[in-house]
Every structure is written in structure tokens, then in C-alpha cells.
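Comments concern the structure below.
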Amino acid sequence: MLFNRHKTSLVPADQALPGRESPGFALREPHTVLGHPLTGPYPDGLEVADFGLGCFWGAERTFWHLPGVWTTLVGYQGGYTPHPTYEEVCSGLTGHTEAVRVVFDPSLVSYQRLLKTFWEAHDPTQGNRQGNDVGTQYRSAVYTHSPAQAAAAAAGRDAFQPALTALGYGPITTEIAPAGPFYPAEPYHQQYLSDAKNPNGYCGLGGTGASCPIGVARTQG
């Protein structure tokens with residue numbers, strides 16, 4: 001059961017794997033593309049945003065291309081098991097989704113712009129899957145770090161739904177919740193799709209073709 005990658009029901013907290021007190025690895029290398037440290041403390045003035053939009057390899061690449069993003073890293077969020085391994089998350093027995101943490105300069109890129117990228121880069125109506133990737137670890141999620149982020153995420157969802165409905169998609173299933181512990185993924189997952197690692201690696205991420213009408217004004221130029 002540990003390696004069942006197609007578990008589509010969220011595990012109850014009392015049935016989740018126990019995990020461990022520490023991850024057993026450290027992320028010592030800087031970001032392969034951006035050159036900055038992956039983990040904090042981050043420089044003053046930067047903010048953090050957390051998103052789940054399917055396989056975190058392609059999700060991370062989507063965000064590191066945005067001007068104003070200082071660093072990104074992938075990990076596990078929204079579950080119960082402390083410091084899970086990739087295999088444990090893929091089993092569906094930790095409750096986590098694959099997530100990307102985006103550290104950004106709000107004077108250069110707005111949180112609304114990050115949300116626009118999030119909504120448009122995947123299909124947020126699929127529940128516990130993204131395309132051929134099936135399981136609770138691929139669910140759509142926004143984990144917020146402030147009331148302002150929570151309000152912006154909800155507003156973005158409500159603004160995007162009519163565009164999706166017009167194209168024949170169903171209701172948005174994205175989980176919007178306060179950010180809990182973020183457990184970084186193993187070093188080999190970080191910037192997995194960068195040119196330095198796997199420029200032709202697998203990415204199952206795909207959007208709907210709908211345009212989300214938020215976050216445009218501050219991102220021109």
C-alpha cells in the first residue's frame with residue numbers, strides 16, 4: 001500500500017504515517033536557476049507564497065521564470081506526517097500535496113500575479129489529480145500566510161470560475177487554507193526540470209486555456 005500512487009481519498013489523521021523528527025538531509029546547494037538559497041531566513045522585504053498544482057517539478061519551473069521571484073523550492077504541505085519522504089507522500093498515507101514555495105519581492109511582483117499564474121497553469125477542477133497524475137498528492141491548493149493572501153486567493157477563485165464554466169469545466173476544487181508546516185522535498189527534486197538537471201524531463205502540468213482576470217495591473221512591463 002505504501003507505493004500505491006493512485007490513492008484518491010484523503011487519509012484520516014489517525015491513519016496517517018508517523019513520520020520522523022528530522023528530514024535526514026539538508027538543502028545546501030543554492031537554486032540551480034536563480035542562485036539564491038532555498039531555505040530561510042530570507043532577506044527582509046520578501047514574502048512567501050505556497051501553491052499545489054500537480055507534480056511539483058513543472059509547478060516550480062512555472063514560477064521561477066517570473067520576474068520578482070527570488071527563490072523557489074518544492075516540498076510537501078497540507079498533511080499530517082512530519083518530514084515525509086517522497087514515497088510516503090505518493091502512497092497517499094501522509095495527507096500532503098506536492099507543493100511549491102515561492103519567495104518573492106512584492107515590490108516587483110504582486111501576490112495577485114502569482115495567483116494568476118497558479119490558476120492558469122493547471123486545471124483546478126480535477127479534485128485529486130492533474131491529468132494523468134492521480135492521487136491526493138496532486139490536488140490543487142493555495143496555502144496562505146496572511147488574511148490578505150486568503151482574501152486574494154478566494155477572490156481569484158471566484159473570478160476564475162466563470163471563465164472555466166464558459167469552457168465547459170466544472171466547479172473549482174482548490175483547497176484554500178492557512179499554511180501549515182512545509183516540509184522540503186529531497187534535494188534531487190529541487191529544480192528538477194532546470195537545464196542543469198533534466199531539461200527534457202517529464203512535466204504533466206497543463207492549463208485549461210482560460211484566462212484568470214486578476215493580477216494584471218501591477219505586472220505589466
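Lettering and numbering for the C-alpha cells are positional, with chains as A, B, ... in the shown order, residues counted from 1 in each chain, and ligands counted from 1 in the shown order.
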
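Within 6 Å of Asn128 (chain A), once only C-alpha atoms are used and residues closer than 5 positions along the same chain are dropped, the contacting residues are Thr8, Gly135, Thr136, Tyr138 and Arg139 of chain A.
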
Produce a file of the selected residues containing C-alpha atoms, as an mmCIF file, in the first residue's frame.
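The new file selection39.cif reads:
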data_model
loop_
_atom_site.group_PDB
_atom_site.id
_atom_site.type_symbol
_atom_site.label_atom_id
_atom_site.label_comp_id
_atom_site.auth_asym_id
_atom_site.auth_seq_id
_atom_site.Cartn_x
_atom_site.Cartn_y
_atom_site.Cartn_z
ATOM 1 C CA THR A 8 -7.766 9.334 -4.270
ATOM 2 C CA GLY A 135 -3.749 10.834 -6.177
ATOM 3 C CA THR A 136 -4.322 13.181 -3.270
ATOM 4 C CA TYR A 138 -1.686 16.106 -6.854
ATOM 5 C CA ARG A 139 -4.647 18.102 -5.527
#

- Query: Which residues, written as a PyMOL selection string, have at least one atom at most 9 Å from His189 (chain A), with only C-alpha atoms counted and residues fewer than 4 positions away on the same chain left out?
  - Reply: chain A and resi 56-57+73-75+185+193

Output file for the residues above (N, CA and C atoms, as a short mmCIF file (atom, residue, chain, number, x, y, z; two decimals), in the first residue's frame):
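Result saved to part-v8.cif:
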data_model
loop_
_atom_site.label_atom_id
_atom_site.label_comp_id
_atom_site.auth_asym_id
_atom_site.auth_seq_id
_atom_site.Cartn_x
_atom_site.Cartn_y
_atom_site.Cartn_z
N PHE A 56 5.11 18.67 -8.62
CA PHE A 56 5.81 19.91 -8.27
C PHE A 56 6.99 20.24 -9.15
N TRP A 57 7.43 19.30 -9.99
CA TRP A 57 8.54 19.63 -10.89
C TRP A 57 8.15 20.76 -11.85
N LEU A 73 11.26 26.51 -4.02
CA LEU A 73 11.63 25.16 -3.62
C LEU A 73 10.37 24.32 -3.55
N VAL A 74 10.54 23.02 -3.71
CA VAL A 74 9.40 22.13 -3.68
C VAL A 74 9.38 21.34 -2.38
N GLY A 75 8.18 20.93 -1.99
CA GLY A 75 8.05 20.18 -0.75
C GLY A 75 6.66 19.61 -0.59
N ALA A 185 11.16 18.91 -0.02
CA ALA A 185 11.40 17.62 -0.65
C ALA A 185 12.90 17.34 -0.75
N LEU A 193 13.47 20.24 -13.23
CA LEU A 193 13.35 20.48 -14.66
C LEU A 193 14.24 21.62 -15.17
#

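Among the candidates A:Ala59, A:Cys203, A:Ala13, A:Val89, the residue lying nearest to Ala121 (chain A) is A:Ala59 (atoms considered: only C-alpha atoms).
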
Of A:Gln137, A:Thr117, A:Thr39, A:Asn132, the one sitting nearest Arg61 (chain A) when using only C-alpha atoms is A:Thr117

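All residues of protein, DNA or RNA that reach within 7 Å of Arg101 (chain A), judged by only C-alpha atoms and not counting those fewer than 6 positions away in the chain, are Val48, Ala49, Asp50, Phe51, Thr72, Leu73 and Val74 of chain A.
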
Problem - alpha helix (DSSP H) positions in region 32-101 of chain A, given as a PyMOL selection string - result: chain A and resi 56-64+86-90

- Message: Give me the residues near Glu47 (chain A) as a list of chain:residue names, where near means some atom within 12 Å (using only C-alpha atoms) and where sequence neighbours in that chain fewer than 2 positions away do not count.
- Response: A:Gly40, A:Pro41, A:Tyr42, A:Pro43, A:Asp44, A:Gly45, A:Ala49, A:Asp50, A:Gly68, A:Val69, A:Trp70, A:Thr71, A:Thr72, A:Arg101, A:Val102, A:Val103, A:Phe104, A:Asp105, A:Pro106, A:Ser107, A:Leu108, A:Val109, A:Ser110, A:Tyr111, A:Leu114, A:Thr144, A:His145, A:Ser146, A:Gln149

Would you export the selected residues with N, CA, C and O atoms as a JSON list (two decimals), in the first residue's frame, please?
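Contents of the output file selection-v3.json:
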[["chain", "number", "residue", "atom", "x", "y", "z"],
["A", 40, "GLY", "N", 15.09, 29.53, 4.35],
["A", 40, "GLY", "CA", 15.28, 30.78, 5.08],
["A", 40, "GLY", "C", 16.32, 30.67, 6.19],
["A", 40, "GLY", "O", 16.93, 29.61, 6.38],
["A", 41, "PRO", "N", 16.51, 31.79, 6.91],
["A", 41, "PRO", "CA", 15.73, 33.04, 6.79],
["A", 41, "PRO", "C", 16.04, 33.78, 5.49],
["A", 41, "PRO", "O", 17.19, 33.78, 5.03],
["A", 42, "TYR", "N", 14.99, 34.39, 4.94],
["A", 42, "TYR", "CA", 15.12, 35.12, 3.69],
["A", 42, "TYR", "C", 15.35, 36.60, 3.97],
["A", 42, "TYR", "O", 15.05, 37.09, 5.06],
["A", 43, "PRO", "N", 15.88, 37.34, 3.00],
["A", 43, "PRO", "CA", 16.11, 38.78, 3.21],
["A", 43, "PRO", "C", 14.84, 39.53, 3.57],
["A", 43, "PRO", "O", 13.73, 39.16, 3.18],
["A", 44, "ASP", "N", 15.01, 40.60, 4.33],
["A", 44, "ASP", "CA", 13.88, 41.43, 4.71],
["A", 44, "ASP", "C", 13.16, 41.97, 3.48],
["A", 44, "ASP", "O", 13.79, 42.28, 2.46],
["A", 45, "GLY", "N", 11.86, 42.06, 3.58],
["A", 45, "GLY", "CA", 11.06, 42.60, 2.50],
["A", 45, "GLY", "C", 10.50, 41.57, 1.56],
["A", 45, "GLY", "O", 9.61, 41.88, 0.76],
["A", 49, "ALA", "N", 4.81, 32.54, -0.63],
["A", 49, "ALA", "CA", 3.53, 32.02, -1.12],
["A", 49, "ALA", "C", 3.69, 30.53, -1.38],
["A", 49, "ALA", "O", 4.74, 30.09, -1.86],
["A", 50, "ASP", "N", 2.65, 29.76, -1.08],
["A", 50, "ASP", "CA", 2.70, 28.31, -1.24],
["A", 50, "ASP", "C", 1.54, 27.83, -2.11],
["A", 50, "ASP", "O", 0.38, 28.19, -1.86],
["A", 68, "GLY", "N", 10.85, 38.97, -10.30],
["A", 68, "GLY", "CA", 10.48, 39.30, -8.93],
["A", 68, "GLY", "C", 10.45, 38.10, -8.00],
["A", 68, "GLY", "O", 10.37, 38.27, -6.78],
["A", 69, "VAL", "N", 10.52, 36.90, -8.56],
["A", 69, "VAL", "CA", 10.63, 35.69, -7.73],
["A", 69, "VAL", "C", 12.09, 35.51, -7.34],
["A", 69, "VAL", "O", 12.97, 35.46, -8.19],
["A", 70, "TRP", "N", 12.35, 35.42, -6.04],
["A", 70, "TRP", "CA", 13.71, 35.39, -5.52],
["A", 70, "TRP", "C", 14.25, 33.97, -5.44],
["A", 70, "TRP", "O", 15.40, 33.71, -5.78],
["A", 71, "THR", "N", 13.42, 33.05, -4.99],
["A", 71, "THR", "CA", 13.79, 31.65, -4.98],
["A", 71, "THR", "C", 12.52, 30.81, -4.95],
["A", 71, "THR", "O", 11.43, 31.30, -4.63],
["A", 72, "THR", "N", 12.65, 29.55, -5.29],
["A", 72, "THR", "CA", 11.56, 28.58, -5.20],
["A", 72, "THR", "C", 12.11, 27.28, -4.64],
["A", 72, "THR", "O", 13.31, 26.99, -4.78],
["A", 101, "ARG", "N", 6.99, 26.30, -2.92],
["A", 101, "ARG", "CA", 7.11, 27.54, -2.14],
["A", 101, "ARG", "C", 7.77, 28.59, -3.01],
["A", 101, "ARG", "O", 8.84, 28.36, -3.59],
["A", 102, "VAL", "N", 7.14, 29.74, -3.10],
["A", 102, "VAL", "CA", 7.62, 30.84, -3.93],
["A", 102, "VAL", "C", 7.98, 32.00, -3.00],
["A", 102, "VAL", "O", 7.12, 32.52, -2.28],
["A", 103, "VAL", "N", 9.24, 32.39, -3.00],
["A", 103, "VAL", "CA", 9.71, 33.52, -2.22],
["A", 103, "VAL", "C", 9.88, 34.69, -3.19],
["A", 103, "VAL", "O", 10.63, 34.59, -4.16],
["A", 104, "PHE", "N", 9.16, 35.79, -2.92],
["A", 104, "PHE", "CA", 9.09, 36.84, -3.93],
["A", 104, "PHE", "C", 9.23, 38.22, -3.32],
["A", 104, "PHE", "O", 8.99, 38.42, -2.12],
["A", 105, "ASP", "N", 9.59, 39.16, -4.18],
["A", 105, "ASP", "CA", 9.71, 40.57, -3.80],
["A", 105, "ASP", "C", 8.41, 41.26, -4.20],
["A", 105, "ASP", "O", 8.15, 41.44, -5.39],
["A", 106, "PRO", "N", 7.57, 41.65, -3.23],
["A", 106, "PRO", "CA", 6.27, 42.22, -3.59],
["A", 106, "PRO", "C", 6.36, 43.58, -4.28],
["A", 106, "PRO", "O", 5.37, 44.04, -4.84],
["A", 107, "SER", "N", 7.53, 44.21, -4.26],
["A", 107, "SER", "CA", 7.69, 45.46, -4.99],
["A", 107, "SER", "C", 7.92, 45.21, -6.48],
["A", 107, "SER", "O", 7.83, 46.13, -7.29],
["A", 108, "LEU", "N", 8.21, 43.95, -6.84],
["A", 108, "LEU", "CA", 8.47, 43.60, -8.23],
["A", 108, "LEU", "C", 7.41, 42.70, -8.84],
["A", 108, "LEU", "O", 7.19, 42.72, -10.06],
["A", 109, "VAL", "N", 6.78, 41.89, -8.02],
["A", 109, "VAL", "CA", 5.71, 41.01, -8.50],
["A", 109, "VAL", "C", 4.68, 40.87, -7.39],
["A", 109, "VAL", "O", 5.03, 40.65, -6.24],
["A", 110, "SER", "N", 3.43, 41.05, -7.74],
["A", 110, "SER", "CA", 2.37, 41.01, -6.73],
["A", 110, "SER", "C", 1.94, 39.57, -6.44],
["A", 110, "SER", "O", 2.10, 38.67, -7.27],
["A", 111, "TYR", "N", 1.35, 39.39, -5.28],
["A", 111, "TYR", "CA", 0.77, 38.09, -4.95],
["A", 111, "TYR", "C", -0.35, 37.75, -5.93],
["A", 111, "TYR", "O", -0.52, 36.59, -6.31],
["A", 114, "LEU", "N", 1.11, 36.11, -8.89],
["A", 114, "LEU", "CA", 1.41, 34.71, -8.62],
["A", 114, "LEU", "C", 0.14, 33.87, -8.69],
["A", 114, "LEU", "O", 0.16, 32.75, -9.24],
["A", 144, "THR", "N", -2.11, 29.83, 2.56],
["A", 144, "THR", "CA", -1.94, 31.27, 2.71],
["A", 144, "THR", "C", -1.19, 31.63, 3.99],
["A", 144, "THR", "O", -1.27, 30.93, 5.00],
["A", 145, "HIS", "N", -0.49, 32.77, 3.93],
["A", 145, "HIS", "CA", 0.34, 33.23, 5.04],
["A", 145, "HIS", "C", -0.19, 34.50, 5.69],
["A", 145, "HIS", "O", 0.48, 35.05, 6.58],
["A", 146, "SER", "N", -1.36, 34.96, 5.28],
["A", 146, "SER", "CA", -1.94, 36.16, 5.87],
["A", 146, "SER", "C", -3.41, 36.24, 5.48],
["A", 146, "SER", "O", -3.82, 35.62, 4.49],
["A", 149, "GLN", "N", -3.63, 37.34, 1.86],
["A", 149, "GLN", "CA", -3.43, 36.27, 0.88],
["A", 149, "GLN", "C", -4.68, 35.41, 0.77],
["A", 149, "GLN", "O", -5.09, 35.02, -0.32]]

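When only C-alpha atoms are used to compute distances to Gly204 (chain A), the closest of the residues A:Glu87, A:Asp14, A:Asp123, A:Asp158 turns out to be A:Asp123.
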
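Minimum atom-to-atom distance to His36 (chain A), evaluated using only C-alpha atoms, belongs to A:Trp64 out of A:Ala177, A:Trp64, A:Ala154, A:Pro147.
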
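Distance-wise, CA of Ala153 (chain A) and CA of Thr32 (chain A) end up 28.8 Å apart.
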
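Across the model, the gap from CA of Ala155 (chain A) to CA of Tyr76 (chain A) is 24.9 Å.
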
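Excluding region 140-142 of chain A and any residue on its chain fewer than 6 positions from it, the residues at most 9 Å away by only C-alpha atoms are Ala49, Asp50, Phe51, Gly52, Leu53, Gly54, Gly78, Thr97, Ala99, Leu115, Phe118, His122, Asp123, Pro124, Thr125, Gln126, Gly127, Asn128, Arg129, Gln130, Ala150, Ala153, Thr173, Thr174, Glu175, Ile176, Ala177, Pro178 and Ala179 of chain A.
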
How would the residues just picked look written out with C-alpha atoms as a PDB file, in the first residue's frame?
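part03.pdb, freshly written:
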ATOM      1  CA  ALA A  49       3.533  32.025  -1.118  1.00  0.00           C
ATOM      2  CA  ASP A  50       2.698  28.311  -1.243  1.00  0.00           C
ATOM      3  CA  PHE A  51       0.839  26.525  -4.047  1.00  0.00           C
ATOM      4  CA  GLY A  52      -0.088  22.983  -5.025  1.00  0.00           C
ATOM      5  CA  LEU A  53      -0.900  22.441  -8.698  1.00  0.00           C
ATOM      6  CA  GLY A  54       0.026  18.897  -9.550  1.00  0.00           C
ATOM      7  CA  GLY A  78      -1.283  20.237   3.888  1.00  0.00           C
ATOM      8  CA  THR A  97       0.042  17.545  -1.554  1.00  0.00           C
ATOM      9  CA  ALA A  99       3.705  21.993  -3.183  1.00  0.00           C
ATOM     10  CA  LEU A 115      -2.215  33.673  -8.209  1.00  0.00           C
ATOM     11  CA  PHE A 118      -1.280  29.459 -10.425  1.00  0.00           C
ATOM     12  CA  HIS A 122      -3.234  23.905 -14.200  1.00  0.00           C
ATOM     13  CA  ASP A 123      -6.800  22.593 -14.141  1.00  0.00           C
ATOM     14  CA  PRO A 124      -8.171  23.411 -10.676  1.00  0.00           C
ATOM     15  CA  THR A 125     -11.386  21.452 -11.246  1.00  0.00           C
ATOM     16  CA  GLN A 126      -9.979  17.918 -11.200  1.00  0.00           C
ATOM     17  CA  GLY A 127     -10.010  17.111  -7.498  1.00  0.00           C
ATOM     18  CA  ASN A 128      -7.298  14.650  -6.511  1.00  0.00           C
ATOM     19  CA  ARG A 129      -5.459  14.583  -9.820  1.00  0.00           C
ATOM     20  CA  GLN A 130      -3.810  16.594 -12.569  1.00  0.00           C
ATOM     21  CA  ALA A 150      -6.517  34.273   1.887  1.00  0.00           C
ATOM     22  CA  ALA A 153      -6.968  33.546  -3.215  1.00  0.00           C
ATOM     23  CA  THR A 173     -11.931  22.103  -6.202  1.00  0.00           C
ATOM     24  CA  THR A 174      -8.875  24.028  -4.991  1.00  0.00           C
ATOM     25  CA  GLU A 175      -8.186  23.819  -1.271  1.00  0.00           C
ATOM     26  CA  ILE A 176      -7.589  27.278   0.246  1.00  0.00           C
ATOM     27  CA  ALA A 177      -6.291  27.061   3.803  1.00  0.00           C
ATOM     28  CA  PRO A 178      -3.816  28.697   6.197  1.00  0.00           C
ATOM     29  CA  ALA A 179      -0.289  27.461   5.611  1.00  0.00           C
TER      30      ALA A 179
END
